[in-house]
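Q: Below is the file run-v4.txt, which contains compact mmCIF, C-alpha atoms.
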# COMPACT_ATOMS: atom_id res chain seq x y z
CA MET A 237 91.98 79.12 163.28
CA ILE A 238 94.81 81.02 164.95
CA ARG A 239 95.08 82.46 168.45
CA LEU A 240 95.60 86.19 168.09
CA MET A 241 97.81 86.39 171.17
CA ASP A 242 100.28 83.96 169.58
CA ILE A 243 101.21 86.43 166.85
CA LEU A 244 101.44 89.67 168.88
CA ILE A 245 104.96 90.86 169.71
CA LYS A 246 106.57 94.06 171.05
CA PRO A 247 108.90 96.44 169.17
CA ASN A 248 111.80 95.39 171.42
CA SER A 249 111.28 91.70 170.63
CA THR A 250 114.19 89.99 168.93
CA LEU A 251 114.14 88.40 165.50
CA ARG A 252 114.34 85.06 167.28
CA GLU A 253 111.17 85.85 169.26
CA ALA A 254 109.46 87.04 166.08
CA MET A 255 110.31 83.73 164.39
CA VAL A 256 108.85 81.84 167.36
CA ALA A 257 105.62 83.84 166.98
CA LEU A 258 105.54 83.14 163.25
CA ASN A 259 106.00 79.44 163.85
CA LYS A 260 103.46 79.26 166.68
CA GLY A 261 100.82 81.38 164.99
CA THR A 262 100.88 79.56 161.61
CA ALA A 263 99.59 82.75 159.99
CA GLU A 264 102.91 83.59 158.30
CA ILE A 265 102.80 87.01 159.96
CA ALA A 266 103.50 88.58 163.36
CA LEU A 267 101.94 91.84 164.52
CA VAL A 268 104.04 94.39 166.37
CA VAL A 269 101.92 96.23 168.95
CA ASP A 270 102.48 98.75 171.75
CA GLU A 271 101.41 98.28 175.35
CA LYS A 272 97.82 99.29 174.48
CA GLY A 273 97.55 96.80 171.65
CA LYS A 274 97.84 99.43 168.91
CA LEU A 275 99.37 98.05 165.73
CA LEU A 276 102.76 99.58 164.92
CA ALA A 277 104.05 97.26 162.20
CA THR A 278 103.94 93.78 160.73
CA VAL A 279 106.67 91.18 160.29
CA THR A 280 106.74 88.26 157.89
CA ASP A 281 109.22 85.51 157.11
CA GLY A 282 110.34 87.58 154.15
CA ASP A 283 111.07 90.64 156.31
CA ILE A 284 113.24 88.57 158.66
CA ARG A 285 114.99 86.78 155.81
CA ARG A 286 115.87 90.09 154.15
CA GLY A 287 117.09 91.45 157.48
CA LEU A 288 119.39 88.48 158.02
CA LEU A 289 120.75 88.82 154.50
CA ASN A 290 121.51 92.46 155.26
CA GLY A 291 123.61 91.55 158.29
CA LEU A 292 121.13 91.39 161.16
CA THR A 293 121.34 88.57 163.72
CA LEU A 294 118.62 86.67 165.53
CA ASP A 295 119.39 88.75 168.63
CA ASP A 296 118.71 92.08 166.90
CA LYS A 297 115.47 93.91 167.62
CA VAL A 298 112.58 93.27 165.26
CA GLU A 299 112.10 97.02 164.84
CA LYS A 300 115.09 96.96 162.50
CA CYS A 301 113.19 95.01 159.85
CA MET A 302 109.50 95.40 160.64
CA HIS A 303 107.13 96.77 158.01
CA LYS A 304 105.43 100.02 159.11
CA ASN A 305 103.45 100.71 155.92
CA PHE A 306 100.90 97.95 156.44
CA ILE A 307 97.45 97.42 154.97
CA TYR A 308 94.57 97.09 157.44
CA VAL A 309 90.77 97.14 157.52
CA LYS A 310 88.06 98.02 160.01
CA ARG A 311 85.77 95.44 161.60
CA ASP A 312 82.84 96.23 159.31
CA THR A 313 84.80 95.80 156.07
CA GLY A 314 83.18 93.16 153.88
CA ARG A 315 84.84 89.94 152.76
CA ALA A 316 84.81 90.96 149.10
CA GLU A 317 86.62 94.21 149.90
CA VAL A 318 89.21 92.32 151.94
CA LEU A 319 89.72 89.83 149.12
CA ASP A 320 90.06 92.71 146.67
CA LEU A 321 92.76 94.34 148.83
CA MET A 322 94.66 91.08 149.12
CA LYS A 323 94.60 90.64 145.36
CA ALA A 324 95.64 94.25 144.70
CA HIS A 325 98.59 94.13 147.12
CA THR A 326 99.50 90.45 146.63
CA ILE A 327 99.20 89.65 150.34
CA LYS A 328 97.66 86.80 152.30
CA GLN A 329 96.92 88.53 155.63
CA ILE A 330 95.23 91.80 156.61
CA PRO A 331 94.91 92.95 160.25
CA ILE A 332 91.54 94.13 161.58
CA LEU A 333 91.77 97.30 163.69
CA ASP A 334 89.29 99.27 165.78
CA GLU A 335 88.89 103.05 165.69
CA GLU A 336 91.92 103.49 167.99
CA GLY A 337 94.13 101.31 165.81
CA ARG A 338 94.14 98.35 168.20
CA VAL A 339 94.29 94.84 166.80
CA LYS A 340 90.95 93.05 166.89
CA GLY A 341 91.53 90.24 164.43
CA LEU A 342 93.29 89.03 161.32
CA HIS A 343 91.90 88.15 157.91
CA LEU A 344 93.65 85.22 156.25
CA LEU A 345 93.32 84.49 152.56
CA ARG A 346 93.00 80.77 153.21
CA GLU A 347 90.04 81.35 155.52
CA ILE A 348 88.26 83.82 153.22
CA ILE A 349 88.61 81.60 150.17
CA GLY A 350 88.15 78.42 152.17
CA SER A 351 90.07 75.19 151.94
CA TYR A 352 87.84 74.06 149.07
CA ASP A 353 85.58 75.51 146.42
CA LYS A 354 81.85 75.10 146.89
CA PRO A 355 80.08 72.90 144.34
CA ASN A 356 77.15 75.34 144.15
CA ILE A 357 76.66 77.54 141.13
CA ALA A 358 75.31 81.09 141.14
CA LEU A 359 72.94 82.49 138.54
CA ILE A 360 72.93 86.28 138.41
CA MET A 361 70.10 88.10 136.63
CA ALA A 362 71.66 90.99 134.70
CA GLY A 363 69.41 91.43 131.67
CA GLY A 364 67.22 94.35 132.76
CA LYS A 365 67.25 97.80 131.14
CA GLY A 366 67.37 99.81 134.37
CA GLU A 367 64.70 102.27 133.21
CA ARG A 368 64.63 104.05 136.58
CA LEU A 369 68.34 104.86 136.39
CA LYS A 370 68.18 106.70 133.08
CA PRO A 371 70.06 108.55 131.63
CA ILE A 372 72.95 106.53 133.13
CA THR A 373 71.61 103.27 131.78
CA GLU A 374 71.20 104.62 128.26
CA GLU A 375 74.91 103.89 127.83
CA ILE A 376 75.49 100.86 130.08
CA PRO A 377 73.35 98.12 131.68
CA LYS A 378 72.43 98.76 135.31
CA PRO A 379 74.67 96.01 136.81
CA MET A 380 77.68 97.76 135.22
CA VAL A 381 77.06 101.08 136.99
CA ARG A 382 80.13 101.82 139.05
CA VAL A 383 80.25 102.28 142.81
CA ALA A 384 83.62 103.30 144.26
CA GLY A 385 85.31 102.63 140.94
CA ARG A 386 83.97 99.11 140.36
CA PRO A 387 80.81 97.80 138.60
CA ILE A 388 78.06 96.64 140.94
CA LEU A 389 78.02 93.23 139.25
CA GLU A 390 81.76 92.78 139.78
CA ARG A 391 81.39 93.58 143.48
CA LEU A 392 78.64 90.99 143.77
CA ILE A 393 80.71 88.32 142.00
CA LEU A 394 83.75 89.05 144.19
CA HIS A 395 81.58 88.71 147.29
CA LEU A 396 80.37 85.27 146.19
CA ILE A 397 83.90 84.22 145.26
CA SER A 398 85.02 85.12 148.78
CA TYR A 399 82.65 82.39 150.04
CA GLY A 400 83.97 79.76 147.64
CA ILE A 401 81.54 80.09 144.74
CA LYS A 402 83.56 79.64 141.56
CA SER A 403 81.00 78.79 138.87
CA PHE A 404 78.71 81.55 137.59
CA TYR A 405 75.99 81.94 135.00
CA ILE A 406 75.00 85.49 134.09
CA ALA A 407 71.66 86.04 132.36
CA VAL A 408 72.09 88.92 129.90
CA ASN A 409 69.93 90.81 127.42
CA TYR A 410 70.18 94.62 127.36
CA LYS A 411 73.63 95.75 126.15
CA SER A 412 74.93 92.28 126.92
CA GLU A 413 78.19 92.84 125.03
CA ILE A 414 79.32 95.34 127.69
CA ILE A 415 78.98 92.73 130.44
CA GLU A 416 80.54 89.94 128.36
CA ASN A 417 83.48 92.07 127.21
CA HIS A 418 84.20 93.13 130.79
CA PHE A 419 84.13 89.73 132.49
CA LEU A 420 84.92 87.42 129.54
CA ASP A 421 85.14 83.87 130.96
CA GLY A 422 85.84 85.05 134.53
CA ARG A 423 89.42 83.83 134.55
CA ASP A 424 90.81 87.20 135.69
CA LEU A 425 88.59 87.04 138.78
CA GLY A 426 89.50 83.44 139.56
CA CYS A 427 86.17 81.93 138.56
CA LYS A 428 84.31 80.50 135.55
CA ILE A 429 81.54 82.53 133.92
CA ASP A 430 79.03 81.36 131.31
CA TYR A 431 76.29 83.51 129.82
CA LEU A 432 72.61 82.81 129.34
CA LYS A 433 71.42 85.05 126.51
CA GLU A 434 67.79 86.09 126.67
CA GLU A 435 66.48 86.71 123.15
CA LYS A 436 63.70 88.67 124.83
CA PRO A 437 63.30 89.87 128.44
CA LEU A 438 62.36 86.86 130.55
CA GLY A 439 61.69 88.52 133.90
CA THR A 440 63.40 87.83 137.23
CA ALA A 441 63.03 84.03 136.98
CA GLY A 442 62.63 83.21 133.29
CA ALA A 443 66.37 82.74 132.73
CA LEU A 444 66.22 79.69 135.00
CA GLY A 445 64.52 77.94 132.07
CA LEU A 446 67.71 78.44 130.05
CA LEU A 447 69.89 76.83 132.70
CA ASN A 448 70.79 73.45 131.22
CA ILE A 449 72.90 71.84 133.93
CA LYS A 450 72.99 68.65 135.94
CA THR A 451 73.59 69.21 139.64
CA LYS A 452 72.31 67.94 142.96
CA ASP A 453 73.50 70.99 144.88
CA PRO A 454 71.41 74.04 145.78
CA ILE A 455 71.67 76.93 143.32
CA PHE A 456 72.09 80.59 144.28
CA VAL A 457 70.00 83.03 142.27
CA LEU A 458 70.62 86.76 142.69
CA ASN A 459 69.61 90.05 141.12
CA GLY A 460 72.59 91.68 139.44
CA ASP A 461 72.06 95.16 140.88
CA LEU A 462 72.68 94.38 144.56
CA LEU A 463 75.31 95.79 146.87
CA THR A 464 75.35 93.38 149.78
CA GLN A 465 77.60 91.72 152.32
CA PHE A 466 75.18 88.90 153.23
CA ASN A 467 76.63 85.82 154.88
CA LEU A 468 76.38 83.15 152.21
CA ASP A 469 77.45 80.33 154.53
CA GLU A 470 74.75 81.13 157.08
CA MET A 471 72.05 81.25 154.41
CA LEU A 472 73.21 77.99 152.81
CA ASN A 473 73.40 76.21 156.18
CA PHE A 474 69.92 77.49 157.07
CA HIS A 475 68.56 76.17 153.75
CA LYS A 476 70.19 72.75 154.14
CA GLU A 477 69.44 72.20 157.83
CA LYS A 478 65.74 72.96 157.37
CA LYS A 479 65.62 70.87 154.18
CA PHE A 480 63.84 73.61 152.23
CA ASP A 481 63.03 73.25 148.55
CA ALA A 482 63.79 76.94 148.16
CA THR A 483 64.79 79.83 150.40
CA ILE A 484 64.12 83.51 149.87
CA GLY A 485 66.30 86.18 151.42
CA VAL A 486 64.43 89.08 153.03
CA TYR A 487 65.59 92.42 154.34
CA ASP A 488 64.03 94.64 157.02
CA TYR A 489 62.56 97.70 155.33
CA VAL A 490 62.01 100.39 157.94
CA TYR A 491 59.76 103.38 157.31
CA LYS A 492 59.63 106.15 159.88
CA VAL A 493 56.51 108.29 159.78
CA PRO A 494 57.59 111.94 160.09
CA TYR A 495 54.46 112.90 162.03
CA GLY A 496 52.61 111.91 165.15
CA VAL A 497 50.19 109.08 164.31
CA VAL A 498 46.75 109.24 165.88
CA GLU A 499 44.46 106.27 166.41
CA GLU A 500 40.81 107.12 167.01
CA LYS A 501 37.44 105.43 167.19
CA LYS A 502 34.22 107.32 166.52
CA GLY A 503 35.91 110.62 167.18
CA LYS A 504 37.50 109.52 170.46
CA LEU A 505 41.29 109.38 170.86
CA ILE A 506 42.61 105.88 171.44
CA SER A 507 46.37 106.55 171.22
CA ILE A 508 48.95 108.86 169.75
CA LYS A 509 52.48 107.85 168.77
CA GLU A 510 55.21 110.33 167.95
CA LYS A 511 56.93 109.54 164.62
CA PRO A 512 56.57 105.74 164.84
CA SER A 513 58.56 103.32 162.69
CA PHE A 514 57.09 100.42 160.78
CA VAL A 515 59.02 97.39 159.55
CA TRP A 516 58.24 95.15 156.61
CA PHE A 517 60.18 92.14 155.35
CA VAL A 518 60.96 92.82 151.70
CA ASN A 519 62.31 90.53 149.00
CA ALA A 520 66.11 91.01 148.97
CA GLY A 521 66.63 89.51 145.50
CA ILE A 522 68.72 86.65 146.91
CA TYR A 523 67.49 83.07 146.64
CA ILE A 524 68.58 79.46 147.05
CA ILE A 525 66.69 76.84 145.09
CA GLU A 526 66.96 73.11 144.76
CA PRO A 527 67.51 71.91 141.15
CA GLU A 528 64.05 70.36 140.83
CA ILE A 529 62.45 73.78 141.32
CA ILE A 530 63.83 74.78 137.91
CA LYS A 531 61.28 72.42 136.34
CA LEU A 532 58.53 74.81 137.46
CA VAL A 533 59.86 77.56 135.18
CA PRO A 534 58.22 77.68 131.71
CA LYS A 535 60.57 77.68 128.75
CA ASN A 536 61.28 80.97 127.00
CA GLU A 537 58.51 82.87 128.78
CA ASN A 538 58.53 85.96 130.97
CA PHE A 539 58.35 84.62 134.50
CA THR A 540 59.07 86.29 137.83
CA MET A 541 60.46 85.02 141.09
CA PRO A 542 57.20 85.81 142.97
CA GLU A 543 55.35 83.69 140.38
CA LEU A 544 57.85 80.87 140.87
CA PHE A 545 57.45 80.91 144.65
CA GLU A 546 53.65 81.11 144.40
CA LYS A 547 53.70 78.09 142.09
CA ALA A 548 56.02 76.22 144.45
CA LEU A 549 53.73 76.96 147.40
CA SER A 550 50.69 75.72 145.46
CA LEU A 551 52.54 72.42 144.99
CA LYS A 552 53.22 72.19 148.75
CA LYS A 553 56.92 72.86 148.37
CA LYS A 554 58.73 73.84 151.54
CA ILE A 555 59.91 77.46 151.29
CA GLY A 556 62.26 79.08 153.79
CA VAL A 557 62.68 82.74 154.69
CA PHE A 558 66.19 83.89 155.61
CA HIS A 559 66.78 87.32 157.12
CA ILE A 560 69.68 89.15 155.46
CA GLU A 561 71.90 90.92 157.98
CA GLY A 562 74.40 93.67 157.26
CA ASP A 563 74.67 95.92 154.23
CA TRP A 564 72.08 95.57 151.49
CA ILE A 565 71.20 98.11 148.82
CA ASP A 566 69.08 97.45 145.76
CA VAL A 567 70.38 100.07 143.32
CA GLY A 568 67.06 100.67 141.61
CA PHE A 569 66.68 104.44 141.85
CA HIS A 570 69.02 107.42 141.62
CA LYS A 571 68.57 107.95 145.36
CA ASP A 572 69.77 104.39 146.03
CA LEU A 573 72.79 104.92 143.79
CA ARG A 574 73.71 108.17 145.58
CA LYS A 575 73.42 106.35 148.89
CA ALA A 576 75.62 103.50 147.65
CA ARG A 577 78.21 106.02 146.50
CA GLY A 578 78.17 107.75 149.89
CA GLU A 579 76.72 110.96 148.47
CA ILE A 580 73.76 110.92 150.88
Render the structure in this file as structure tokens.

A:
Amino acid sequence: MIRLMDILIKPNSTLREAMVALNKGTAEIALVVDEKGKLLATVTDGDIRRGLLNGLTLDDKVEKCMHKNFIYVKRDTGRAEVLDLMKAHTIKQIPILDEEGRVKGLHLLREIIGSYDKPNIALIMAGGKGERLKPITEEIPKPMVRVAGRPILERLILHLISYGIKSFYIAVNYKSEIIENHFLDGRDLGCKIDYLKEEKPLGTAGALGLLNIKTKDPIFVLNGDLLTQFNLDEMLNFHKEKKFDATIGVYDYVYKVPYGVVEEKKGKLISIKEKPSFVWFVNAGIYIIEPEIIKLVPKNENFTMPELFEKALSLKKKIGVFHIEGDWIDVGFHKDLRKARGEI
């Protein structure tokens, strides 16, 4: 972790002072800010080196070599988006700014990726036909529907990669060649992808029966049509600390009644509430399971995640419920897709 104040410098700072900030901050970048903390430019070792080669001295002002066309993100930008920007621009740091352009933090590639890869694998269910998204899904499988220029499934994989997951299994059936031809073995995304081919639709859990692996680590299982920025580390820590056999992610589904709701008893008014909201915890399509839970899945049969959890409960397995915070959209209907695309 770095101290933000260590890497903030003024436009009238010298190259020498910028180098001190670079050395002290260990982030390989210094941020040039005005008196209100608004970001004006960035400076890296490379900027200073090029300046010195062009005749500048260590006593020259940093404004002579600082980089004004910088990349930045807002505080609510997800880790996958940040990682995507870093990859696209071949950079290792991205400043975080508020609405006024003031520095509020700094994303570092080494912290997003982590100092080590997680041993956990992720199984993504991507075999469904997406009947409710026709006619779009007549040409492509639902996980390959694009949002902001990128397939939903690719966004999900990038999000998991940003937390250190590097080994993926994708369960495919409907138009599987489109998914396989797009991702291949995952090398271009910096991960390893294998495919579980369902000869027939196996439901939301049946593909687990095809997973022939030996591991002692918890396994992530996710629906392939999710747009989410859930905190994988928090969910995994919750699962491990409570020693659950499986954990199901849930999301708060809020329904606001557009009318006044009246409660009565035998014709007498008890209460009246103006447009109340009701909240239910709904299945978010994100799970963590211990390897032994896979044994509960029948081979080559249609089997759903609710059936798996009901079976686990009947066997007295310990099941956790983790509340997903932040963005979460299950792109199941055209309305959900329009919302994901920012059209409504």

Q: Could you tell me which of A:Gln465, A:Thr280, A:Ser513, A:Asn305 comes closest to A:Val256 if we count all atoms listed in the file?

A: A:Thr280

Q: Sorted by chain and rising residue number, which residues of stretch 398-447 of chain A lie within 10 Å of stretch 370-390 of chain A, and what are their closest atom pairs and distances in Å to one decimal, counting all atoms listed in the file, as a Markdown table?

A:
| residue | atom | partner | partner_atom | distance |
| --- | --- | --- | --- | --- |
| A:Ile406 | CA | A:Leu389 | CA | 9.8 |
| A:Val408 | CA | A:Pro377 | CA | 9.5 |
| A:Asn409 | CA | A:Pro377 | CA | 9.1 |
| A:Tyr410 | CA | A:Pro377 | CA | 6.4 |
| A:Lys411 | CA | A:Pro377 | CA | 6.0 |
| A:Ser412 | CA | A:Pro377 | CA | 7.7 |
| A:Glu413 | CA | A:Pro377 | CA | 9.8 |
| A:Ile414 | CA | A:Ile376 | CA | 7.1 |
| A:Ile415 | CA | A:Met380 | CA | 7.1 |
| A:His418 | CA | A:Met380 | CA | 9.1 |
| A:Phe419 | CA | A:Glu390 | CA | 8.3 |
| A:Leu425 | CA | A:Glu390 | CA | 9.0 |

Q: Please provide the set of residues having any atom within 8 Å of A:Phe404, restricted to all atoms listed in the file, with same-chain residues fewer than 4 positions apart removed, written as a ChimeraX atom specification.

A: /A:357-360,427-430

Q: Closest to A:Leu462 among A:Asp481, A:Tyr431, A:Gly426, A:Asp566, using all atoms listed in the file?

A: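 Among the listed residues, A:Asp566 lies closest to A:Leu462.
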
Q: Which residues come within 10 Å of stretch 286-303 of chain A, counting all atoms listed in the file, excluding same-chain residues fewer than 5 positions away, as number ranges by chain?

A: A: 245-255, 266-268, 276-281

Q: Keeping C-alpha atoms for every residue in the selection just given, could you write it to a file as an mmCIF file, in the frame of the given file?

A:
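What landed in selection-v4.cif:
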data_model
loop_
_atom_site.group_PDB
_atom_site.id
_atom_site.type_symbol
_atom_site.label_atom_id
_atom_site.label_comp_id
_atom_site.auth_asym_id
_atom_site.auth_seq_id
_atom_site.Cartn_x
_atom_site.Cartn_y
_atom_site.Cartn_z
ATOM 1 C CA ILE A 245 104.960 90.860 169.710
ATOM 2 C CA LYS A 246 106.570 94.060 171.050
ATOM 3 C CA PRO A 247 108.900 96.440 169.170
ATOM 4 C CA ASN A 248 111.800 95.390 171.420
ATOM 5 C CA SER A 249 111.280 91.700 170.630
ATOM 6 C CA THR A 250 114.190 89.990 168.930
ATOM 7 C CA LEU A 251 114.140 88.400 165.500
ATOM 8 C CA ARG A 252 114.340 85.060 167.280
ATOM 9 C CA GLU A 253 111.170 85.850 169.260
ATOM 10 C CA ALA A 254 109.460 87.040 166.080
ATOM 11 C CA MET A 255 110.310 83.730 164.390
ATOM 12 C CA ALA A 266 103.500 88.580 163.360
ATOM 13 C CA LEU A 267 101.940 91.840 164.520
ATOM 14 C CA VAL A 268 104.040 94.390 166.370
ATOM 15 C CA LEU A 276 102.760 99.580 164.920
ATOM 16 C CA ALA A 277 104.050 97.260 162.200
ATOM 17 C CA THR A 278 103.940 93.780 160.730
ATOM 18 C CA VAL A 279 106.670 91.180 160.290
ATOM 19 C CA THR A 280 106.740 88.260 157.890
ATOM 20 C CA ASP A 281 109.220 85.510 157.110
#

Q: For A:Leu394, which residue out of A:Asp424, A:Glu264, A:Glu543, A:Glu416 is the nearest one, using only C-alpha atoms?

A: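 Answer, going by the shortest atom-to-atom distance: A:Asp424.
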
Q: Please list as a PyMOL selection string every residue within 8 Å of A:Pro512, counting only C-alpha atoms and excluding residues in the same chain fewer than 4 positions away.

A: chain A and resi 492-497

Q: Leaving out A:Ala316 and any residue of its chain fewer than 5 positions from it, which residues lie within 8 Å of it when counting only C-alpha atoms, given as number ranges by chain?

A: A: 391, 394-398, 465

Q: Between A:Glu271, A:Arg285, A:Leu344, A:Lys554, which has the minimum distance to A:Lys478 (counting all atoms listed in the file)?

A: A:Lys554

Q: For atom CA of A:Gly366 and atom CA of A:Glu561, quote the distance in Å rounded to one decimal.

A: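 Answer for the atom CA of A:Gly366 to atom CA of A:Glu561 separation: 25.6 Å.
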
Q: Would you compute, for all listed atoms of stretch 540-551 of chain A, the axis-aligned bounding box grown by 8 Å on each side, and then report its centre and edge lengths in Å rounded to one decimal, as AutoDock Vina command-line options?

A:
--center_x 55.6 --center_y 79.4 --center_z 142.6 --size_x 25.8 --size_y 29.9 --size_z 25.6

Q: Compare A:Tyr308, A:Phe474, A:Phe466, A:Phe517 by their minimum atom-to-atom distance to A:Val490, counting only C-alpha atoms, and give me the closest one.

A: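 Using only C-alpha atoms, A:Val490 sits closest to A:Phe517.
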
Q: Return the single residue from A:Ile284, A:Val486, A:Leu345, A:Ile265 that is closest to A:Lys323, with distances computed using all atoms listed in the file.

A: A:Leu345

Q: Mind checking which residues fall within 12 Å of A:His559, counting only C-alpha atoms, ignoring those fewer than 6 positions away in the same chain, and posting them as a PDB file with C-alpha atoms, keeping the file's coordinate frame?

A:
ATOM      1  CA  PHE A 466      75.180  88.900 153.230  1.00  0.00           C
ATOM      2  CA  ASN A 467      76.630  85.820 154.880  1.00  0.00           C
ATOM      3  CA  LEU A 468      76.380  83.150 152.210  1.00  0.00           C
ATOM      4  CA  GLU A 470      74.750  81.130 157.080  1.00  0.00           C
ATOM      5  CA  MET A 471      72.050  81.250 154.410  1.00  0.00           C
ATOM      6  CA  PHE A 474      69.920  77.490 157.070  1.00  0.00           C
ATOM      7  CA  HIS A 475      68.560  76.170 153.750  1.00  0.00           C
ATOM      8  CA  THR A 483      64.790  79.830 150.400  1.00  0.00           C
ATOM      9  CA  ILE A 484      64.120  83.510 149.870  1.00  0.00           C
ATOM     10  CA  GLY A 485      66.300  86.180 151.420  1.00  0.00           C
ATOM     11  CA  VAL A 486      64.430  89.080 153.030  1.00  0.00           C
ATOM     12  CA  TYR A 487      65.590  92.420 154.340  1.00  0.00           C
ATOM     13  CA  ASP A 488      64.030  94.640 157.020  1.00  0.00           C
ATOM     14  CA  TYR A 489      62.560  97.700 155.330  1.00  0.00           C
ATOM     15  CA  TRP A 516      58.240  95.150 156.610  1.00  0.00           C
ATOM     16  CA  PHE A 517      60.180  92.140 155.350  1.00  0.00           C
ATOM     17  CA  VAL A 518      60.960  92.820 151.700  1.00  0.00           C
ATOM     18  CA  ASN A 519      62.310  90.530 149.000  1.00  0.00           C
ATOM     19  CA  ALA A 520      66.110  91.010 148.970  1.00  0.00           C
ATOM     20  CA  GLY A 521      66.630  89.510 145.500  1.00  0.00           C
ATOM     21  CA  ILE A 522      68.720  86.650 146.910  1.00  0.00           C
ATOM     22  CA  TYR A 523      67.490  83.070 146.640  1.00  0.00           C
TER      23      TYR A 523
END

Q: Distance atom CA of A:Gly341-atom CA of A:Leu240, one decimal place?

A: 6.8 Å

Q: Starting from the sparse input, extend stretch 438-450 of chain A to N, CA, C and O atoms and give the output as a compact mmCIF listing (two decimals), in the frame of the given file.

A:
# COMPACT_ATOMS: atom_id res chain seq x y z
N LEU A 438 63.04 88.02 129.98
CA LEU A 438 62.36 86.86 130.55
C LEU A 438 61.95 87.06 132.01
O LEU A 438 61.53 86.11 132.67
N GLY A 439 62.09 88.28 132.52
CA GLY A 439 61.69 88.52 133.90
C GLY A 439 62.74 88.05 134.89
O GLY A 439 63.83 87.60 134.52
N THR A 440 62.42 88.13 136.18
CA THR A 440 63.40 87.83 137.23
C THR A 440 63.63 86.35 137.45
O THR A 440 64.54 85.97 138.19
N ALA A 441 62.84 85.48 136.81
CA ALA A 441 63.03 84.03 136.98
C ALA A 441 63.11 83.27 135.67
O ALA A 441 63.54 82.13 135.64
N GLY A 442 62.72 83.92 134.56
CA GLY A 442 62.63 83.21 133.29
C GLY A 442 63.94 82.60 132.83
O GLY A 442 63.94 81.56 132.16
N ALA A 443 65.06 83.25 133.18
CA ALA A 443 66.37 82.74 132.73
C ALA A 443 66.69 81.38 133.34
O ALA A 443 67.52 80.65 132.80
N LEU A 444 66.02 81.02 134.43
CA LEU A 444 66.22 79.69 135.00
C LEU A 444 65.87 78.60 133.99
O LEU A 444 66.44 77.51 134.01
N GLY A 445 64.91 78.90 133.09
CA GLY A 445 64.52 77.94 132.07
C GLY A 445 65.59 77.71 131.03
O GLY A 445 65.52 76.74 130.28
N LEU A 446 66.60 78.60 130.99
CA LEU A 446 67.71 78.44 130.05
C LEU A 446 68.88 77.69 130.67
O LEU A 446 69.85 77.38 129.99
N LEU A 447 68.77 77.42 131.96
CA LEU A 447 69.89 76.83 132.70
C LEU A 447 69.88 75.32 132.48
O LEU A 447 69.15 74.58 133.13
N ASN A 448 70.73 74.87 131.58
CA ASN A 448 70.79 73.45 131.22
C ASN A 448 71.99 72.80 131.92
O ASN A 448 73.06 72.66 131.33
N ILE A 449 71.81 72.44 133.16
CA ILE A 449 72.90 71.84 133.93
C ILE A 449 72.37 70.63 134.69
O ILE A 449 71.17 70.48 134.91
N LYS A 450 73.30 69.78 135.09
CA LYS A 450 72.99 68.65 135.94
C LYS A 450 73.73 68.82 137.26
O LYS A 450 74.96 68.78 137.30
